[in-house]
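Colleague: The structure file upload19.cif (mmCIF, C-alpha atoms) is provided below.
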data_structure
#
loop_
_atom_site.label_atom_id
_atom_site.label_comp_id
_atom_site.auth_asym_id
_atom_site.auth_seq_id
_atom_site.Cartn_x
_atom_site.Cartn_y
_atom_site.Cartn_z
CA MET A 1 0.00 0.00 0.00
CA ALA A 2 1.26 3.46 -0.83
CA LYS A 3 2.08 5.60 2.14
CA LEU A 4 -0.59 8.00 3.34
CA ASN A 5 0.00 11.72 3.44
CA LEU A 6 -0.70 12.84 6.98
CA ALA A 7 -1.05 16.39 8.29
CA LEU A 8 -1.34 17.52 11.89
CA TYR A 9 -2.33 21.05 12.78
CA TRP A 10 -3.15 23.07 15.88
CA SER A 11 -5.29 26.13 16.32
CA ALA A 12 -6.81 27.34 19.62
CA SER A 13 -5.22 24.66 21.77
CA CYS A 14 -2.54 24.10 24.39
CA GLY A 15 -0.23 21.71 22.50
CA GLY A 16 -1.27 18.75 24.63
CA CYS A 17 -2.87 16.98 21.65
CA ASP A 18 0.41 17.06 19.73
CA VAL A 19 2.20 15.69 22.79
CA ALA A 20 -0.44 12.95 23.01
CA VAL A 21 0.59 11.82 19.51
CA LEU A 22 4.17 11.49 20.76
CA ASP A 23 2.88 9.62 23.84
CA MET A 24 2.19 6.66 21.56
CA ASN A 25 5.87 5.82 22.14
CA GLU A 26 7.02 2.99 19.85
CA LYS A 27 3.65 2.96 18.13
CA ILE A 28 4.67 6.20 16.46
CA LEU A 29 7.03 4.08 14.34
CA LYS A 30 3.97 2.37 12.94
CA LEU A 31 2.60 5.78 12.08
CA ALA A 32 5.86 6.58 10.30
CA GLU A 33 5.63 3.23 8.45
CA ILE A 34 2.18 3.93 7.07
CA ALA A 35 2.36 7.67 6.58
CA ASP A 36 4.52 10.52 5.39
CA ILE A 37 3.98 13.57 7.54
CA VAL A 38 3.50 16.44 5.12
CA PHE A 39 2.58 19.15 7.63
CA TRP A 40 3.09 19.34 11.40
CA PRO A 41 4.09 22.84 12.53
CA ILE A 42 4.76 21.93 16.17
CA ALA A 43 7.36 19.30 15.22
CA LEU A 44 8.64 20.04 11.73
CA ASP A 45 9.47 23.18 9.82
CA PHE A 46 6.50 23.47 7.51
CA LYS A 47 4.90 26.77 6.61
CA ARG A 48 1.49 27.72 5.37
CA HIS A 49 2.78 28.28 1.82
CA HIS A 50 3.77 24.61 1.68
CA VAL A 51 0.13 23.66 2.21
CA GLU A 52 -1.04 26.32 -0.24
CA ALA A 53 1.25 24.82 -2.88
CA MET A 54 -0.28 21.34 -2.52
CA PRO A 55 -2.99 20.22 -4.93
CA ASP A 56 -6.47 19.74 -3.47
CA LYS A 57 -7.01 16.39 -1.69
CA HIS A 58 -3.25 15.87 -1.55
CA ILE A 59 -3.43 15.09 2.18
CA ASP A 60 -5.08 11.75 2.97
CA VAL A 61 -5.81 12.49 6.60
CA CYS A 62 -5.60 15.74 8.53
CA LEU A 63 -5.68 15.56 12.33
CA PHE A 64 -6.80 19.02 13.37
CA ASN A 65 -6.61 19.93 17.05
CA GLY A 66 -7.78 23.12 18.71
CA ALA A 67 -10.89 25.23 18.50
CA VAL A 68 -11.43 27.99 15.94
CA ARG A 69 -11.51 31.51 17.29
CA THR A 70 -9.47 33.75 14.98
CA SER A 71 -9.61 34.62 11.29
CA GLU A 72 -6.29 32.82 10.72
CA GLN A 73 -7.56 29.62 12.33
CA GLU A 74 -10.62 29.67 10.11
CA GLU A 75 -8.44 30.23 7.02
CA MET A 76 -6.20 27.31 8.00
CA ALA A 77 -9.18 25.06 8.71
CA LYS A 78 -10.62 25.85 5.27
CA LEU A 79 -7.27 25.48 3.52
CA LEU A 80 -6.57 22.12 5.17
CA ARG A 81 -10.11 20.98 4.46
CA ALA A 82 -9.62 21.71 0.76
CA ARG A 83 -6.27 19.90 0.70
CA SER A 84 -7.46 16.85 2.68
CA LYS A 85 -9.50 13.81 1.77
CA VAL A 86 -10.34 13.13 5.42
CA MET A 87 -10.57 15.69 8.18
CA ALA A 88 -10.54 14.49 11.78
CA ALA A 89 -11.29 16.75 14.74
CA PHE A 90 -8.58 15.67 17.16
CA GLY A 91 -9.16 16.34 20.86
CA SER A 92 -11.88 18.11 22.82
CA CYS A 93 -11.22 21.60 21.44
CA ALA A 94 -11.67 20.66 17.78
CA HIS A 95 -14.44 18.20 18.67
CA LEU A 96 -16.58 20.44 20.91
CA GLY A 97 -14.77 23.73 21.50
CA GLY A 98 -12.95 22.48 24.60
CA ILE A 99 -11.48 24.66 27.34
CA PRO A 100 -11.03 27.67 24.99
CA GLY A 101 -14.78 27.38 24.42
CA LEU A 102 -15.34 28.63 27.99
CA SER A 103 -14.44 32.00 26.50
CA ASN A 104 -17.99 31.98 25.11
CA PHE A 105 -19.11 33.16 28.56
CA SER A 106 -17.64 36.50 27.52
CA ASP A 107 -16.85 38.31 24.28
CA ARG A 108 -13.70 39.69 22.69
CA ALA A 109 -13.78 42.95 24.63
CA GLN A 110 -14.16 41.18 27.98
CA ALA A 111 -11.52 38.60 27.14
CA PHE A 112 -9.03 41.32 26.14
CA GLU A 113 -9.83 43.33 29.27
CA ARG A 114 -9.12 40.30 31.44
CA ALA A 115 -6.02 39.08 29.60
CA TYR A 116 -4.28 42.35 28.80
CA ILE A 117 -5.43 44.78 31.51
CA GLU A 118 -6.79 43.07 34.63
CA ALA A 119 -4.61 39.97 34.83
CA GLU A 120 -2.51 39.97 37.98
CA SER A 121 0.61 39.12 36.00
CA CYS A 122 0.04 41.85 33.42
CA ASP A 123 1.91 45.20 33.42
CA ASN A 124 0.20 47.34 30.81
CA PRO A 125 -0.27 50.91 32.09
CA GLU A 126 -1.03 52.23 28.61
CA LYS A 127 -3.75 49.62 28.21
CA THR A 128 -2.45 48.44 24.86
CA LEU A 129 -4.71 45.88 23.24
CA PRO A 130 -3.97 43.67 20.20
CA GLN A 131 -4.96 45.37 16.95
CA THR A 132 -5.59 43.73 13.60
CA MET A 133 -3.48 46.40 11.88
CA THR A 134 -0.61 48.36 13.46
CA ASN A 135 1.55 50.96 11.77
CA VAL A 136 5.19 50.92 12.77
CA ALA A 137 8.25 52.57 11.26
CA GLU A 138 8.95 49.46 9.20
CA GLY A 139 5.46 49.33 7.74
CA GLU A 140 2.07 47.85 8.51
CA LEU A 141 1.82 44.80 10.77
CA GLU A 142 -1.13 42.46 10.66
CA LEU A 143 -2.50 40.15 13.35
CA PRO A 144 -5.37 37.71 12.85
CA GLU A 145 -8.75 39.02 13.89
CA TRP A 146 -10.11 37.73 17.18
CA TRP A 147 -13.76 36.76 17.28
CA ASP A 148 -16.31 37.06 20.03
CA THR A 149 -17.19 33.39 19.68
CA VAL A 150 -15.12 30.20 19.85
CA LYS A 151 -16.26 27.47 17.48
CA ALA A 152 -15.78 23.73 17.21
CA LEU A 153 -14.13 22.58 13.98
CA ASN A 154 -17.34 21.20 12.46
CA GLN A 155 -18.94 24.64 12.85
CA VAL A 156 -16.41 25.94 10.33
CA VAL A 157 -15.70 23.07 7.93
CA GLN A 158 -17.01 19.58 7.22
CA VAL A 159 -15.46 16.95 9.51
CA GLU A 160 -15.42 13.19 8.89
CA TYR A 161 -14.16 11.83 12.24
CA TYR A 162 -13.87 12.87 15.85
CA VAL A 163 -11.13 11.76 18.21
CA PRO A 164 -12.34 12.88 21.65
CA GLY A 165 -10.41 13.65 24.81
CA CYS A 166 -8.32 16.28 26.50
CA PRO A 167 -5.98 15.04 25.22
CA PRO A 168 -7.10 11.90 23.35
CA PRO A 169 -5.75 8.90 25.31
CA VAL A 170 -3.18 6.74 23.52
CA PRO A 171 -5.50 3.69 23.06
CA ILE A 172 -7.96 5.93 21.20
CA ILE A 173 -5.19 7.35 18.99
CA SER A 174 -3.96 3.80 18.36
CA GLU A 175 -7.45 2.80 17.29
CA LEU A 176 -7.29 5.54 14.67
CA VAL A 177 -3.77 4.60 13.53
CA ASP A 178 -4.77 0.93 13.24
CA ALA A 179 -7.84 1.88 11.21
CA LEU A 180 -5.64 3.98 8.91
CA ALA A 181 -3.06 1.18 8.59
CA ALA A 182 -5.72 -1.35 7.70
CA GLY A 183 -7.37 1.11 5.32
CA LYS A 184 -10.60 0.43 7.19
CA LEU A 185 -11.99 3.69 8.42
CA PRO A 186 -15.34 3.58 10.22
CA PRO A 187 -18.47 5.28 8.84
CA VAL A 188 -18.20 9.04 8.38
CA GLY A 189 -19.31 10.90 11.50
CA THR A 190 -17.85 8.32 13.88
CA VAL A 191 -16.65 9.55 17.25
CA PHE A 192 -13.88 7.23 18.42
CA GLY A 193 -14.27 5.84 21.95
CA SER A 194 -17.11 3.89 23.47
CA ASP A 195 -20.73 4.21 22.46
CA LYS A 196 -21.83 4.07 26.09
CA ALA A 197 -21.63 6.52 29.00
CA LEU A 198 -18.49 6.46 31.14
CA CYS A 199 -20.45 5.00 34.12
CA GLU A 200 -20.64 1.73 32.15
CA GLU A 201 -16.88 1.23 32.33
CA CYS A 202 -16.32 2.89 35.71
CA PRO A 203 -14.88 0.34 38.18
CA ARG A 204 -16.39 1.97 41.27
CA VAL A 205 -19.13 0.44 43.41
CA LYS A 206 -22.45 2.04 42.61
CA ASP A 207 -25.14 1.82 45.22
CA GLU A 208 -28.21 3.97 45.62
CA LYS A 209 -27.48 7.52 44.54
CA LYS A 210 -28.90 9.90 47.12
CA ILE A 211 -26.98 13.06 47.86
CA ALA A 212 -27.81 15.89 50.25
CA GLN A 213 -24.63 17.90 49.87
CA ILE A 214 -22.33 18.78 46.99
CA TYR A 215 -18.57 18.99 47.41
CA ARG A 216 -15.79 20.24 45.18
CA PRO A 217 -12.95 17.73 44.80
CA HIS A 218 -10.60 19.62 47.14
CA GLN A 219 -13.13 19.78 49.97
CA ILE A 220 -13.18 16.09 50.88
CA ILE A 221 -10.99 13.04 50.44
CA PRO A 222 -13.27 10.69 48.55
CA ASP A 223 -13.53 6.95 49.17
CA PRO A 224 -11.53 5.43 46.27
CA GLU A 225 -13.95 2.50 45.83
CA LYS A 226 -17.30 4.26 45.87
CA CYS A 227 -19.11 6.16 43.10
CA LEU A 228 -17.95 9.79 43.30
CA LEU A 229 -21.40 11.16 42.52
CA GLU A 230 -22.79 9.22 45.49
CA GLN A 231 -20.19 10.99 47.62
CA GLY A 232 -21.50 14.36 46.50
CA ILE A 233 -18.78 15.16 43.99
CA ILE A 234 -20.01 16.23 40.58
CA CYS A 235 -18.74 13.50 38.28
CA MET A 236 -19.76 13.96 34.65
CA GLY A 237 -19.74 10.18 34.02
CA PRO A 238 -23.51 9.82 33.44
CA ALA A 239 -23.40 12.48 30.68
CA THR A 240 -20.05 11.61 29.11
CA ARG A 241 -18.96 9.19 26.42
CA GLY A 242 -16.77 6.37 27.74
CA GLY A 243 -13.68 4.91 26.14
CA CYS A 244 -11.01 6.81 28.06
CA GLY A 245 -10.40 3.92 30.48
CA ALA A 246 -11.72 6.03 33.39
CA LEU A 247 -8.33 7.69 33.80
CA CYS A 248 -9.46 10.51 36.09
CA ILE A 249 -11.73 8.22 38.11
CA ASN A 250 -8.81 5.87 38.74
CA ALA A 251 -6.83 8.84 40.06
CA ASN A 252 -9.71 9.48 42.52
CA MET A 253 -10.81 12.54 40.59
CA PRO A 254 -14.23 13.01 39.00
CA CYS A 255 -14.86 12.88 35.26
CA ARG A 256 -14.91 16.40 33.86
CA GLY A 257 -16.59 15.43 30.62
CA CYS A 258 -13.82 15.83 28.04
CA PHE A 259 -15.16 13.04 25.75
CA GLY A 260 -18.39 14.97 25.24
CA PRO A 261 -21.89 13.53 25.33
CA PRO A 262 -22.56 9.83 24.63
CA PRO A 263 -24.48 8.90 21.45
CA GLY A 264 -28.10 9.98 21.58
CA VAL A 265 -27.41 12.91 23.90
CA SER A 266 -27.36 16.25 22.14
CA ASP A 267 -26.63 18.50 25.11
CA GLN A 268 -24.13 17.26 27.68
CA GLY A 269 -24.82 19.93 30.31
CA ALA A 270 -28.58 19.49 30.20
CA LYS A 271 -28.11 15.72 30.50
CA MET A 272 -25.86 16.15 33.54
CA LEU A 273 -28.31 18.54 35.20
CA SER A 274 -31.04 16.00 34.69
CA ALA A 275 -28.86 13.21 36.15
CA LEU A 276 -27.99 15.37 39.14
CA ALA A 277 -31.61 16.40 39.76
CA SER A 278 -32.59 12.74 39.96
CA VAL A 279 -30.11 11.88 42.72
CA LEU A 280 -30.80 14.71 45.16
CA ASP A 281 -32.05 13.31 48.44
CA VAL A 282 -34.53 16.08 49.21
CA ASN A 283 -38.16 16.84 48.54
CA ASP A 284 -38.33 20.37 49.82
CA GLU A 285 -37.92 22.97 47.06
CA THR A 286 -35.91 25.40 49.16
CA GLU A 287 -33.51 22.58 50.08
CA VAL A 288 -33.14 21.72 46.38
CA ALA A 289 -32.39 25.38 45.64
CA ARG A 290 -29.82 25.46 48.46
CA ILE A 291 -27.95 22.38 47.21
CA ILE A 292 -28.01 23.46 43.57
CA GLY A 293 -26.99 26.96 44.66
CA GLU A 294 -23.84 25.45 46.17
CA ILE A 295 -22.57 24.31 42.77
CA PHE A 296 -19.67 26.56 41.93
CA ASP A 297 -19.80 27.87 38.34
CA PRO A 298 -22.57 25.49 37.18
CA ALA A 299 -22.51 26.35 33.47
CA GLY A 300 -18.71 26.12 33.43
CA THR A 301 -18.88 22.76 35.21
CA PHE A 302 -21.54 21.15 33.04
CA TYR A 303 -20.19 22.57 29.77
CA ARG A 304 -16.50 22.56 30.67
CA PHE A 305 -15.38 21.05 27.36
CA GLY A 306 -18.36 21.63 25.15
CA LEU A 307 -19.97 25.06 25.43
CA PRO A 308 -19.52 25.93 21.70
CA ALA A 309 -21.24 22.63 20.78
CA ALA A 310 -24.10 23.05 23.27
CA MET A 311 -27.66 24.03 22.43
CA ILE A 312 -26.97 27.47 23.92
CA ASN A 313 -23.46 27.87 22.60
CA ARG A 314 -22.44 31.17 24.15
CA LYS A 315 -23.48 33.88 26.53
CA ARG A 316 -26.06 36.09 24.94
CA LEU A 317 -24.56 39.46 24.06
CA MET F 1 -26.90 28.66 34.97
CA LEU F 2 -29.21 30.67 32.72
CA ALA F 3 -27.87 33.88 34.27
CA GLN F 4 -24.32 32.80 33.34
CA LEU F 5 -25.51 32.45 29.76
CA GLY F 6 -27.12 35.89 29.78
CA ILE F 7 -30.68 34.61 29.74
CA GLU F 8 -33.21 36.44 31.93
CA GLU F 9 -34.40 34.25 34.79
CA GLU F 10 -37.96 35.47 34.16
CA ARG F 11 -37.99 33.29 31.04
CA LEU F 12 -38.08 30.13 33.14
CA ARG F 13 -40.62 29.16 35.76
CA LEU F 14 -41.22 25.83 37.44
CA GLU F 15 -44.59 25.14 39.03
CA TRP F 16 -46.30 21.96 40.13
CA VAL F 17 -49.95 21.88 39.14
CA SER F 18 -52.27 18.95 39.71
CA ALA F 19 -54.66 17.73 37.03
CA ALA F 20 -57.51 18.97 39.26
CA GLU F 21 -56.25 22.54 39.29
CA GLY F 22 -57.42 23.71 35.88
CA ASP F 23 -57.96 27.32 36.90
CA ARG F 24 -54.54 27.56 38.48
CA PHE F 25 -52.94 26.05 35.37
CA ALA F 26 -54.71 28.59 33.16
CA SER F 27 -53.73 31.52 35.33
CA ILE F 28 -50.05 30.44 35.47
CA VAL F 29 -49.94 30.06 31.69
CA GLY F 30 -51.58 33.47 31.35
CA GLU F 31 -49.12 35.11 33.75
CA MET F 32 -46.13 33.51 32.05
CA THR F 33 -47.36 34.57 28.62
CA GLU F 34 -47.73 38.19 29.79
CA GLN F 35 -44.32 38.08 31.43
CA ILE F 36 -42.62 36.79 28.27
CA LYS F 37 -44.47 39.32 26.11
CA GLY F 38 -43.17 42.01 28.44
CA LEU F 39 -39.60 40.76 27.95
CA GLY F 40 -39.97 40.73 24.18
CA PRO F 41 -38.43 38.28 21.72
CA PHE F 42 -35.39 36.27 22.71
CA ASN F 43 -32.68 37.49 20.40
CA ARG F 44 -30.18 34.75 20.16
CA HIS F 45 -26.93 36.42 19.36
CA ASN F 46 -24.13 34.26 18.03
CA GLY F 47 -21.50 36.86 18.70
CA GLY F 48 -21.17 40.55 18.19
CA ASP F 49 -20.09 42.42 15.10
CA ASN F 50 -16.95 40.35 14.95
CA GLY F 51 -18.56 36.92 15.08
#
In structure tokens, what does this structure look like?

Modeller:
Amino acid sequence: MAKLNLALYWSASCGGCDVAVLDMNEKILKLAEIADIVFWPIALDFKRHHVEAMPDKHIDVCLFNGAVRTSEQEEMAKLLRARSKVMAAFGSCAHLGGIPGLSNFSDRAQAFERAYIEAESCDNPEKTLPQTMTNVAEGELELPEWWDTVKALNQVVQVEYYVPGCPPPVPIISELVDALAAGKLPPVGTVFGSDKALCEECPRVKDEKKIAQIYRPHQIIPDPEKCLLEQGIICMGPATRGGCGALCINANMPCRGCFGPPPGVSDQGAKMLSALASVLDVNDETEVARIIGEIFDPAGTFYRFGLPAAMINRKRL
Amino acid sequence: MLAQLGIEEERLRLEWVSAAEGDRFASIVGEMTEQIKGLGPFNRHNGGDNG
């Protein structure tokens, strides 16, 4: 079989997805056996003009990580889409908007205010903010335009596959590499991982869920054998796709929902709210309001990795 | 959670009404309708001038 042309790109992301590819260890040799890497800015010296020079559909598979929030990221997403036969959203940010998607609780002006003026580590007495165009002695400088809204990759271009996770765990990446090696890709639209909720693969003992108090993970030391939700810690397991191997759970930390909703669930946060409402051990409405009122940053908790993909995808401006 | 998303809390109301309380049901629906009319249409804004 001829070698595949593989591209990896990052946009609004932290770099963790690219590191996750390297975390495959010796399996990366298999990747090198089946594919020529034709674009991977974090690891190899490729520039945008190299991609522009390629004919359309030259890239067999593009693994695109990061959300889309600037004009440049949208241009790159569209360019790579045109040059690629298969586009895969790699990691939570490309899949659902991810952590950068939490920026949808504000807009550009608020985000700039926080990052460039208010931030404790920022020294900016002249209150300089990034500008799209700046005139300097040497000429005009251009920066990409920042948008008010962070988008998931499939809100900008057509996407064939989704590799979930923050970052995608190695077994999930291996599944993709094996599918590529065998030339047997699953049906278009497939999200790699399990097709069941995380609770199905969680090793903890689940008894009757009845909670009268909600705790944040640092407030108690949870029993390592017992369901975290039963202990009052918000664990996103009931509203999250499995397949990660319950990594956080095994470290005695709750699931934060990075795999997104399981199949059949369109809104992860709404699903989690519904799951939580059904396990509260109270009948009195004021008690319910008290317990729910104790949840710190509810929208940020229930939509931590998926606000841009949610039914209400941003704060109303 | 709605407040965090910039949605007025007056747009949501939860009431328990029994099947025998027809009048109460009608008056709650009437009140809610008036309240929402007062608030005007829900303009869903997918970002400001710059997307």

Colleague: Which residues match the PyMOL selection byres ((chain A) within 12 of (chain F)) in the file above, as a VMD selection string?

Modeller: chain A and resid 68 to 71 74 102 to 109 132 145 to 151 269 to 270 273 285 292 to 293 295 to 303 307 to 308 310 to 317

Colleague: Expand the PyMOL selection byres ((chain F and resi 13) around 12) into the explicit residue set it covers here, and present it as a PyMOL selection string.

Modeller: chain F and resi 2+8-12+14-16+28-29+31-33+35-36

Colleague: So the first atom is CA of Cys227 in chain A and the second is CA of Asp207 in chain A; what is the distance between them in Å, to one decimal place?

Modeller: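 Distance between the two atoms: 7.7 Å.
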
Colleague: Report, in Å to a single decimal, how far apart CA of Glu201 in chain A and CA of Gly232 in chain A are.

Modeller: 19.9 Å

Colleague: Please compute the CA of Ala182 in chain A-CA of Ile37 in chain A distance, one decimal, in Å.

Modeller: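 Spanning CA of Ala182 in chain A to CA of Ile37 in chain A is a straight-line distance of 17.8 Å.
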
Colleague: Care to translate the PyMOL selection byres ((chain A and resi 239) around 7) into actual residues of this file, as a list in words?

Modeller: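 For this structure, the PyMOL selection byres ((chain A and resi 239) around 7) resolves to Ala197, Met236, Gly237, Pro238, Thr240, Arg241, Pro261, Pro262, Gln268, Lys271 and Met272 of chain A.
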
Colleague: Within 9 Å of Met24 in chain A, counting only C-alpha atoms, which residues show up once you throw out same-chain ones fewer than 4 positions away? Write them as a list of chain:residue names, please.

Modeller: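 The residues that qualify are A:Ala20, A:Ile28, A:Val170, A:Pro171, A:Ile173, A:Ser174.
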
Colleague: Around all the atoms of range 18-26 of chain A listed in the file, draw an axis-aligned box and extend it by 5 Å on each of the six sides; I want its centre and edge lengths in Å to one decimal, as JSON.

Modeller:
{"center_x": 3.3, "center_y": 10.0, "center_z": 21.7, "size_x": 17.5, "size_y": 24.1, "size_z": 14.3}

Colleague: Give as an MDAnalysis selection string every residue, naming chains and numbers as the document does, that has an atom within 10 Å of (-8.7, 13.4, -0.9), counting all atoms listed in the file.

Modeller: chainID A and resid 5 55:61 81:87

Colleague: Near Val51 in chain A, within 9 Å and counting only C-alpha atoms, which residues show up once chain neighbours fewer than 2 positions away are dropped, as a tab-separated table (two decimals) with C-alpha atoms, in the coordinates of the input?

Modeller:
chain	number	residue	atom	x	y	z
A	38	VAL	CA	3.50	16.44	5.12
A	39	PHE	CA	2.58	19.15	7.63
A	46	PHE	CA	6.50	23.47	7.51
A	47	LYS	CA	4.90	26.77	6.61
A	48	ARG	CA	1.49	27.72	5.37
A	49	HIS	CA	2.78	28.28	1.82
A	53	ALA	CA	1.25	24.82	-2.88
A	54	MET	CA	-0.28	21.34	-2.52
A	55	PRO	CA	-2.99	20.22	-4.93
A	79	LEU	CA	-7.27	25.48	3.52
A	80	LEU	CA	-6.57	22.12	5.17
A	83	ARG	CA	-6.27	19.90	0.70

Colleague: Might you pull out every residue within 7 Å of Leu96 in chain A, with only C-alpha atoms counted and same-chain residues fewer than 4 positions away left off, and present them as a list of chain:residue names?

Modeller: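 After dropping sequence-adjacent residues, the list is A:Ser92, A:Ala152, A:Phe305, A:Gly306, A:Pro308, A:Ala309.
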
Colleague: Scan for residues within 9 Å of the point (-24.4, 2.8, 25.0) in the coordinates of the file, using all atoms listed in the file, and reply as a short mmCIF file (atom, residue, chain, number, x, y, z; two decimals) with C-alpha atoms, in the coordinates of the input.

Modeller:
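Output file result_18.cif is given in full below:
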data_model
loop_
_atom_site.label_atom_id
_atom_site.label_comp_id
_atom_site.auth_asym_id
_atom_site.auth_seq_id
_atom_site.Cartn_x
_atom_site.Cartn_y
_atom_site.Cartn_z
CA SER A 194 -17.11 3.89 23.47
CA ASP A 195 -20.73 4.21 22.46
CA LYS A 196 -21.83 4.07 26.09
CA ALA A 197 -21.63 6.52 29.00
CA GLU A 200 -20.64 1.73 32.15
CA ARG A 241 -18.96 9.19 26.42
CA GLY A 242 -16.77 6.37 27.74
CA PRO A 262 -22.56 9.83 24.63
CA PRO A 263 -24.48 8.90 21.45
CA GLY A 264 -28.10 9.98 21.58
#

Colleague: Counting all atoms listed in the file, what is within 8 Å of Ile291 in chain A, bar same-chain residues fewer than 6 positions away, as a PyMOL selection string?

Modeller: chain A and resi 212-214

Colleague: Find the residues near Val17 in chain F: any atom within 12 Å, counting only C-alpha atoms, skip ones fewer than 5 places away on the same chain, and give them as a PyMOL selection string.

Modeller: chain F and resi 22-29

Colleague: Return range 24-39 of chain F, completed with N, CA and C atoms, as a PDB file, in the frame of the given file.

Modeller:
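To be explicit, this is the file written out as out_23.pdb:
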ATOM      1  N   ARG F  24     -55.895  27.134  38.119  1.00  0.00           N
ATOM      2  CA  ARG F  24     -54.540  27.560  38.480  1.00  0.00           C
ATOM      3  C   ARG F  24     -53.608  27.413  37.274  1.00  0.00           C
ATOM      4  N   PHE F  25     -53.764  26.290  36.557  1.00  0.00           N
ATOM      5  CA  PHE F  25     -52.940  26.050  35.370  1.00  0.00           C
ATOM      6  C   PHE F  25     -53.118  27.199  34.368  1.00  0.00           C
ATOM      7  N   ALA F  26     -54.405  27.528  34.126  1.00  0.00           N
ATOM      8  CA  ALA F  26     -54.710  28.590  33.160  1.00  0.00           C
ATOM      9  C   ALA F  26     -54.118  29.925  33.599  1.00  0.00           C
ATOM     10  N   SER F  27     -54.219  30.209  34.897  1.00  0.00           N
ATOM     11  CA  SER F  27     -53.730  31.520  35.330  1.00  0.00           C
ATOM     12  C   SER F  27     -52.201  31.576  35.264  1.00  0.00           C
ATOM     13  N   ILE F  28     -51.523  30.445  35.560  1.00  0.00           N
ATOM     14  CA  ILE F  28     -50.050  30.440  35.470  1.00  0.00           C
ATOM     15  C   ILE F  28     -49.603  30.624  34.017  1.00  0.00           C
ATOM     16  N   VAL F  29     -50.288  29.922  33.114  1.00  0.00           N
ATOM     17  CA  VAL F  29     -49.940  30.060  31.690  1.00  0.00           C
ATOM     18  C   VAL F  29     -50.159  31.503  31.251  1.00  0.00           C
ATOM     19  N   GLY F  30     -51.287  32.079  31.698  1.00  0.00           N
ATOM     20  CA  GLY F  30     -51.580  33.470  31.350  1.00  0.00           C
ATOM     21  C   GLY F  30     -50.508  34.428  31.859  1.00  0.00           C
ATOM     22  N   GLU F  31     -50.143  34.243  33.139  1.00  0.00           N
ATOM     23  CA  GLU F  31     -49.120  35.110  33.750  1.00  0.00           C
ATOM     24  C   GLU F  31     -47.795  35.009  33.002  1.00  0.00           C
ATOM     25  N   MET F  32     -47.425  33.746  32.713  1.00  0.00           N
ATOM     26  CA  MET F  32     -46.130  33.510  32.050  1.00  0.00           C
ATOM     27  C   MET F  32     -46.132  34.141  30.660  1.00  0.00           C
ATOM     28  N   THR F  33     -47.266  34.001  29.966  1.00  0.00           N
ATOM     29  CA  THR F  33     -47.360  34.570  28.620  1.00  0.00           C
ATOM     30  C   THR F  33     -47.180  36.083  28.675  1.00  0.00           C
ATOM     31  N   GLU F  34     -47.848  36.727  29.649  1.00  0.00           N
ATOM     32  CA  GLU F  34     -47.730  38.190  29.790  1.00  0.00           C
ATOM     33  C   GLU F  34     -46.298  38.584  30.114  1.00  0.00           C
ATOM     34  N   GLN F  35     -45.686  37.776  31.011  1.00  0.00           N
ATOM     35  CA  GLN F  35     -44.320  38.080  31.430  1.00  0.00           C
ATOM     36  C   GLN F  35     -43.350  38.020  30.242  1.00  0.00           C
ATOM     37  N   ILE F  36     -43.516  36.961  29.423  1.00  0.00           N
ATOM     38  CA  ILE F  36     -42.620  36.790  28.270  1.00  0.00           C
ATOM     39  C   ILE F  36     -42.886  37.883  27.231  1.00  0.00           C
ATOM     40  N   LYS F  37     -44.151  38.226  27.060  1.00  0.00           N
ATOM     41  CA  LYS F  37     -44.470  39.320  26.110  1.00  0.00           C
ATOM     42  C   LYS F  37     -43.798  40.605  26.569  1.00  0.00           C
ATOM     43  N   GLY F  38     -43.805  40.815  27.878  1.00  0.00           N
ATOM     44  CA  GLY F  38     -43.170  42.010  28.440  1.00  0.00           C
ATOM     45  C   GLY F  38     -41.670  42.031  28.153  1.00  0.00           C
ATOM     46  N   LEU F  39     -41.048  40.846  28.193  1.00  0.00           N
ATOM     47  CA  LEU F  39     -39.600  40.760  27.950  1.00  0.00           C
ATOM     48  C   LEU F  39     -39.266  40.939  26.471  1.00  0.00           C
TER      49      LEU F  39
END
